[in-house]
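Below you'll find the structure, written out as structure tokens, and then a few comments.
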Amino acid sequence: MSATVLDGKKIGRMIEEQLHNQIINLQSRDIFPHLAVVIVGDDPASHVYVRNKEMACERCGIKSTRIDLDGEISEEEILAIIHKLNSDNSVHGILVQSPLPEGINESMITDAILPEKDVDGFHKMNLGRLVQGDSSGLLPCTPAGIMKILELSNIDLSGKNALVIGRSRIVGMPMSILLAQRGIDATVTIAHSRTKNLPDICREADLVVAAIGRPEFVKSDWIKPGATVIDVGINRIQDSSRKSGYRLAGDVDSGAFNVAGHITPVPGGVGPMTIAMLMTNTIKATESMFR
């Protein structure tokens, strides 16, 4: 058996296209959606991610401003830049690219962004609304993108066993809340690096969301035949046979393609959906400022 590939790039582009009417409507009112991205330091992967976001803005017709900061910048200086962006009414969405250099309190930086401009969905007020069962606001982009993949792929999770591997506030925890919400109604288990008997737990899951950040951590024989597998990981592995010197791998062993019923590829799965939901959040944030 070969799994049906859940093409996040195709679905993401469809979502971006659906934003065009909203953007045109805003522009007709002289409102031009504007996303500001702050990047600190010279992490190569972060620069690739930011460029991908810039290209998505170009495709959608969203203005983007990139603010590059030296890795030696102080926490106070970053906060000052965020406060300036908060007070700029022409900026509708703000994100600070993760990871930040060592010594910078990432949670403090995130919570300095106005909740209504927090297009990453990481502010404690936005996460708090989600915990209260309100998913109408600015949701974390990766979990929201995964939910959109499942919805548009007609994968019914009502009463099914869902396993989320990873408990970060960015993916794992909000993902588990969204899967358990009314209307989705999955029975959710959260696993992590200290979970005992993880392979056995995994074999019982109808849906596996792997977001642990370890290349090929989830083995193909952990997957229940016919299960849906969402691979959030994108890891660089050294590979001297390639011109780049590395290859990309997810958190799930590629052999899972021969066991699962549906699976997201790496790359081309969750990543493009995360960016598509960032564009969605930017338009949502813009519209909310002019109601």
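Chain lettering (A, B, ...) mirrors the order of the structure tokens, residue numbering begins at 1 for each chain separately, and ligand numbering begins at 1 in order of display.
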
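Using only C-alpha atoms, the protein and nucleic acid residues lying no more than 12 Å from Leu152 in chain A, apart from those fewer than 5 places from it along its own chain, are Leu6, Asp7, Gly8, Lys10, Ile11, Gly12, Met14, Ile15, Gly145, Ile146, Met147 and Met273 of chain A.
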
Expected file: the selected residues, N, CA and C atoms, as a PDB file, in the first residue's frame:
ATOM      1  N   LEU A   6      -0.581  14.219   1.037  1.00  0.00           N
ATOM      2  CA  LEU A   6      -1.321  15.453   1.327  1.00  0.00           C
ATOM      3  C   LEU A   6      -0.430  16.622   0.901  1.00  0.00           C
ATOM      4  N   ASP A   7      -0.736  17.178  -0.239  1.00  0.00           N
ATOM      5  CA  ASP A   7       0.123  18.176  -0.887  1.00  0.00           C
ATOM      6  C   ASP A   7      -0.104  19.557  -0.280  1.00  0.00           C
ATOM      7  N   GLY A   8       0.714  19.896   0.717  1.00  0.00           N
ATOM      8  CA  GLY A   8       0.573  21.178   1.399  1.00  0.00           C
ATOM      9  C   GLY A   8       0.870  22.363   0.502  1.00  0.00           C
ATOM     10  N   LYS A  10       0.195  22.622  -2.742  1.00  0.00           N
ATOM     11  CA  LYS A  10      -0.983  22.844  -3.585  1.00  0.00           C
ATOM     12  C   LYS A  10      -2.119  23.469  -2.779  1.00  0.00           C
ATOM     13  N   ILE A  11      -2.371  22.931  -1.587  1.00  0.00           N
ATOM     14  CA  ILE A  11      -3.455  23.458  -0.755  1.00  0.00           C
ATOM     15  C   ILE A  11      -3.124  24.874  -0.298  1.00  0.00           C
ATOM     16  N   GLY A  12      -1.848  25.113   0.054  1.00  0.00           N
ATOM     17  CA  GLY A  12      -1.427  26.439   0.495  1.00  0.00           C
ATOM     18  C   GLY A  12      -1.627  27.491  -0.571  1.00  0.00           C
ATOM     19  N   MET A  14      -3.796  27.381  -2.969  1.00  0.00           N
ATOM     20  CA  MET A  14      -5.234  27.565  -3.107  1.00  0.00           C
ATOM     21  C   MET A  14      -5.760  28.543  -2.047  1.00  0.00           C
ATOM     22  N   ILE A  15      -5.251  28.412  -0.820  1.00  0.00           N
ATOM     23  CA  ILE A  15      -5.659  29.321   0.252  1.00  0.00           C
ATOM     24  C   ILE A  15      -5.199  30.739  -0.046  1.00  0.00           C
ATOM     25  N   GLY A 145      -2.594  25.388  10.014  1.00  0.00           N
ATOM     26  CA  GLY A 145      -2.364  24.835   8.689  1.00  0.00           C
ATOM     27  C   GLY A 145      -2.639  23.345   8.634  1.00  0.00           C
ATOM     28  N   ILE A 146      -2.262  22.638   9.681  1.00  0.00           N
ATOM     29  CA  ILE A 146      -2.530  21.201   9.753  1.00  0.00           C
ATOM     30  C   ILE A 146      -4.033  20.940   9.779  1.00  0.00           C
ATOM     31  N   MET A 147      -4.754  21.720  10.569  1.00  0.00           N
ATOM     32  CA  MET A 147      -6.211  21.547  10.628  1.00  0.00           C
ATOM     33  C   MET A 147      -6.836  21.800   9.267  1.00  0.00           C
ATOM     34  N   MET A 273       1.875  25.223   4.226  1.00  0.00           N
ATOM     35  CA  MET A 273       0.615  25.524   4.906  1.00  0.00           C
ATOM     36  C   MET A 273       0.828  26.522   6.038  1.00  0.00           C
TER      37      MET A 273
END

- Message: Write out as JSON, numbers by chain the set of residues from range 32-67 of chain A that DSSP, computed on the backbone, places in strand (DSSP E).
- Response: {"A": [34, 35, 36, 37, 38, 39, 40, 63, 64, 65, 66, 67]}

- Query: What does the distance from CA of Phe290 in chain A to CA of Gln27 in chain A come to in Å, to one decimal?
  - Reply: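 CA of Phe290 in chain A sits 12.2 Å away from CA of Gln27 in chain A.
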
- Message: Residues within 12 Å of Ile67 in chain A, please, as a ChimeraX atom specification. Count only C-alpha atoms; anything in the same chain fewer than 2 positions from it doesn't count.
- Response: /A:35-41,47,50,54,64-65,69-70,78,81-82,85,94-97

Atoms to include: C-alpha atoms. Write the selected residues as a PDB file, in the first residue's frame.
ATOM      1  CA  LEU A  35       3.449  42.477   7.473  1.00  0.00           C
ATOM      2  CA  ALA A  36       6.648  43.373   9.344  1.00  0.00           C
ATOM      3  CA  VAL A  37       9.162  40.572   9.927  1.00  0.00           C
ATOM      4  CA  VAL A  38      11.997  41.002  12.426  1.00  0.00           C
ATOM      5  CA  ILE A  39      14.960  38.656  12.023  1.00  0.00           C
ATOM      6  CA  VAL A  40      17.836  38.629  14.501  1.00  0.00           C
ATOM      7  CA  GLY A  41      21.225  37.147  13.636  1.00  0.00           C
ATOM      8  CA  HIS A  47      16.833  33.546   6.418  1.00  0.00           C
ATOM      9  CA  VAL A  50      11.869  34.681   5.970  1.00  0.00           C
ATOM     10  CA  GLU A  54       8.428  37.488   1.589  1.00  0.00           C
ATOM     11  CA  SER A  64       6.217  43.153   3.596  1.00  0.00           C
ATOM     12  CA  THR A  65       8.930  44.908   5.548  1.00  0.00           C
ATOM     13  CA  LEU A  69      19.114  42.950  13.290  1.00  0.00           C
ATOM     14  CA  ASP A  70      22.604  42.017  14.383  1.00  0.00           C
ATOM     15  CA  ILE A  78      14.509  44.478  20.148  1.00  0.00           C
ATOM     16  CA  ILE A  81      11.684  48.100  17.722  1.00  0.00           C
ATOM     17  CA  ILE A  82       8.567  46.071  18.516  1.00  0.00           C
ATOM     18  CA  LEU A  85       5.935  48.677  15.107  1.00  0.00           C
ATOM     19  CA  ILE A  94       4.280  41.627  13.270  1.00  0.00           C
ATOM     20  CA  LEU A  95       6.365  38.510  13.702  1.00  0.00           C
ATOM     21  CA  VAL A  96       9.808  37.903  15.144  1.00  0.00           C
ATOM     22  CA  GLN A  97      11.522  34.997  13.425  1.00  0.00           C
TER      23      GLN A  97
END

- From A:Asn86, A:Asn105, A:Ser193, A:Asn154, residue lying nearest Ala210 in chain A [only C-alpha atoms]: A:Ser193

- Counting only C-alpha atoms, which of A:Asn21, A:Thr274, A:Ser220, A:Ser168 gets nearest to Pro199 in chain A? A:Ser220

- Message: Taking only range 110-273 of chain A into account, list the residues labelled helix (DSSP H, G or I) by DSSP (computed from the backbone), as JSON, numbers by chain.
- Response: {"A": [110, 111, 112, 115, 116, 117, 124, 125, 126, 127, 128, 129, 130, 131, 141, 142, 143, 144, 145, 146, 147, 148, 149, 150, 151, 152, 172, 173, 174, 175, 176, 177, 178, 179, 180, 198, 199, 200, 201, 202, 203, 220, 221, 222, 254, 255, 256, 257, 258, 270, 271, 272, 273]}

Produce a file of the selected residues containing C-alpha atoms, as a PDB file, in the first residue's frame.
ATOM      1  CA  THR A 110       6.522  37.543  21.671  1.00  0.00           C
ATOM      2  CA  ASP A 111       4.326  38.973  24.408  1.00  0.00           C
ATOM      3  CA  ALA A 112       5.562  42.496  23.635  1.00  0.00           C
ATOM      4  CA  PRO A 115      -2.145  40.601  20.450  1.00  0.00           C
ATOM      5  CA  GLU A 116      -4.110  41.996  17.509  1.00  0.00           C
ATOM      6  CA  LYS A 117      -0.876  42.207  15.447  1.00  0.00           C
ATOM      7  CA  LYS A 124      -0.347  34.554  25.665  1.00  0.00           C
ATOM      8  CA  MET A 125      -3.696  36.260  25.051  1.00  0.00           C
ATOM      9  CA  ASN A 126      -4.143  34.520  21.695  1.00  0.00           C
ATOM     10  CA  LEU A 127      -3.110  31.173  23.141  1.00  0.00           C
ATOM     11  CA  GLY A 128      -5.387  31.823  26.125  1.00  0.00           C
ATOM     12  CA  ARG A 129      -8.403  32.329  23.858  1.00  0.00           C
ATOM     13  CA  LEU A 130      -7.626  29.016  22.213  1.00  0.00           C
ATOM     14  CA  VAL A 131      -7.517  27.260  25.597  1.00  0.00           C
ATOM     15  CA  CYS A 141       0.122  29.052  11.973  1.00  0.00           C
ATOM     16  CA  THR A 142       1.449  25.487  11.896  1.00  0.00           C
ATOM     17  CA  PRO A 143      -1.410  23.897  13.895  1.00  0.00           C
ATOM     18  CA  ALA A 144      -3.943  25.979  11.949  1.00  0.00           C
ATOM     19  CA  GLY A 145      -2.364  24.835   8.689  1.00  0.00           C
ATOM     20  CA  ILE A 146      -2.530  21.201   9.753  1.00  0.00           C
ATOM     21  CA  MET A 147      -6.211  21.547  10.628  1.00  0.00           C
ATOM     22  CA  LYS A 148      -6.844  23.071   7.198  1.00  0.00           C
ATOM     23  CA  ILE A 149      -5.047  20.153   5.481  1.00  0.00           C
ATOM     24  CA  LEU A 150      -7.202  17.671   7.407  1.00  0.00           C
ATOM     25  CA  GLU A 151     -10.386  19.616   6.664  1.00  0.00           C
ATOM     26  CA  LEU A 152      -9.772  20.041   2.934  1.00  0.00           C
ATOM     27  CA  GLY A 172       2.293  20.507  20.106  1.00  0.00           C
ATOM     28  CA  MET A 173       0.084  22.070  22.767  1.00  0.00           C
ATOM     29  CA  PRO A 174      -2.118  24.229  20.495  1.00  0.00           C
ATOM     30  CA  MET A 175      -2.358  21.294  18.053  1.00  0.00           C
ATOM     31  CA  SER A 176      -3.772  19.058  20.774  1.00  0.00           C
ATOM     32  CA  ILE A 177      -6.354  21.692  21.741  1.00  0.00           C
ATOM     33  CA  LEU A 178      -7.529  22.155  18.142  1.00  0.00           C
ATOM     34  CA  LEU A 179      -7.880  18.403  17.628  1.00  0.00           C
ATOM     35  CA  ALA A 180      -9.965  18.028  20.791  1.00  0.00           C
ATOM     36  CA  LEU A 198       5.799   5.398  22.606  1.00  0.00           C
ATOM     37  CA  PRO A 199       5.928   2.891  19.713  1.00  0.00           C
ATOM     38  CA  ASP A 200       2.951   0.994  21.172  1.00  0.00           C
ATOM     39  CA  ILE A 201       1.000   4.219  21.746  1.00  0.00           C
ATOM     40  CA  CYS A 202       1.751   5.275  18.191  1.00  0.00           C
ATOM     41  CA  ARG A 203       0.452   1.993  16.766  1.00  0.00           C
ATOM     42  CA  SER A 220       7.504   3.084   9.890  1.00  0.00           C
ATOM     43  CA  ASP A 221       6.624   0.065  12.027  1.00  0.00           C
ATOM     44  CA  TRP A 222       5.162   2.435  14.642  1.00  0.00           C
ATOM     45  CA  SER A 254      10.207   7.687   4.882  1.00  0.00           C
ATOM     46  CA  GLY A 255       9.118   4.052   5.079  1.00  0.00           C
ATOM     47  CA  ALA A 256       5.848   5.307   6.571  1.00  0.00           C
ATOM     48  CA  PHE A 257       4.727   6.126   3.009  1.00  0.00           C
ATOM     49  CA  ASN A 258       4.237   2.377   2.563  1.00  0.00           C
ATOM     50  CA  VAL A 270       3.268  21.367   6.511  1.00  0.00           C
ATOM     51  CA  GLY A 271       5.765  24.136   5.657  1.00  0.00           C
ATOM     52  CA  PRO A 272       3.783  25.775   2.822  1.00  0.00           C
ATOM     53  CA  MET A 273       0.615  25.524   4.906  1.00  0.00           C
TER      54      MET A 273
END

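CA of Ile170 in chain A is found 19.0 Å from CA of Thr264 in chain A.
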
- Query: What is the CA of Ser136 in chain A-CA of Val119 in chain A distance in Å, reported with one decimal?
  - Reply: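 One can read the CA of Ser136 in chain A to CA of Val119 in chain A distance as 13.1 Å.
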
- Item | A:Ile62, A:Ala162, A:Asp43, A:Met277 ranked by distance to Leu100 in chain A, top pick (using only C-alpha atoms) |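 Selected residue with least distance to Leu100 in chain A: A:Asp43.
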
- Return the single residue from A:Val5, A:Ile275, A:Ile73, A:Val188 that is closest to Tyr49 in chain A, with distances computed using only C-alpha atoms.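 The shortest atom-to-atom distance to Tyr49 in chain A comes from A:Ile275.
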
- Message: Report as JSON, numbers by chain all protein, DNA and RNA residues lying within 7 Å of Val266 in chain A, evaluated on only C-alpha atoms, omitting residues in the same chain fewer than 5 positions from it.
- Response: {"A": [234, 249, 250]}

- Choose the residue, out of A:Ile104, A:Ile23, A:Ala186, A:Leu157, that has the smallest atom-to-atom separation from Glu76 in chain A; count only C-alpha atoms.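 Among the listed residues, the smallest separation from Glu76 in chain A belongs to A:Ile104.
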
- Query: Which one of A:Val48, A:Ala56, A:Val252, A:Ala3 sits closest to Met279 in chain A if you count only C-alpha atoms?
  - Reply: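 Closest candidate: A:Ala56.
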
- Item | Contact residues around Gly226 in chain A with only C-alpha atoms at 9 Å, ignoring same-chain residues under 4 positions, as JSON, numbers by chain | {"A": [1, 3, 206, 259, 260, 261, 262]}

Restricting it to N, CA and C atoms, dump the selection as a compact mmCIF listing (two decimals), in the first residue's frame.
# COMPACT_ATOMS: atom_id res chain seq x y z
N MET A 1 0.84 -1.20 0.00
CA MET A 1 0.00 0.00 0.00
C MET A 1 0.88 1.25 0.00
N ALA A 3 0.74 5.44 0.54
CA ALA A 3 -0.12 6.47 1.13
C ALA A 3 -0.49 7.55 0.12
N ASP A 206 -4.95 6.77 15.05
CA ASP A 206 -5.50 6.95 13.71
C ASP A 206 -4.88 8.17 13.03
N VAL A 259 2.97 2.51 4.63
CA VAL A 259 2.08 1.99 5.67
C VAL A 259 0.86 2.89 5.88
N ALA A 260 1.09 4.19 5.89
CA ALA A 260 0.02 5.16 6.20
C ALA A 260 -1.03 5.19 5.09
N GLY A 261 -2.21 5.73 5.46
CA GLY A 261 -3.24 5.96 4.46
C GLY A 261 -3.08 7.31 3.80
N HIS A 262 -2.72 8.32 4.61
CA HIS A 262 -2.45 9.68 4.12
C HIS A 262 -1.20 10.17 4.85

- Query: If you count only C-alpha atoms, which residues fall within 8 Å of Thr280 in chain A, apart from same-chain ones fewer than 3 positions away, as JSON, numbers by chain?
  - Reply: {"A": [16, 19, 276, 277, 283, 284]}

Residue selection dump (N, CA and C atoms) as a compact mmCIF listing (two decimals), in the first residue's frame:
# COMPACT_ATOMS: atom_id res chain seq x y z
N GLU A 16 -3.98 30.89 -0.54
CA GLU A 16 -3.48 32.22 -0.91
C GLU A 16 -4.36 32.85 -1.98
N LEU A 19 -7.50 34.42 -0.75
CA LEU A 19 -7.33 35.68 -0.03
C LEU A 19 -7.42 36.89 -0.95
N ALA A 276 0.91 29.81 4.37
CA ALA A 276 -0.43 30.19 3.91
C ALA A 276 -1.28 30.71 5.07
N MET A 277 -1.14 30.10 6.24
CA MET A 277 -1.92 30.56 7.39
C MET A 277 -1.36 31.85 7.96
N ILE A 283 -4.19 39.01 6.91
CA ILE A 283 -5.42 39.62 6.39
C ILE A 283 -6.46 39.73 7.49
N LYS A 284 -6.55 38.71 8.33
CA LYS A 284 -7.51 38.75 9.45
C LYS A 284 -7.16 39.90 10.40

- Message: Set the distance at 10 Å and use only C-alpha atoms: which residues neighbour Gly103 in chain A once local chain neighbours fewer than 6 positions away are removed? I'd like the list as a ChimeraX atom specification.
- Response: /A:72,74-75
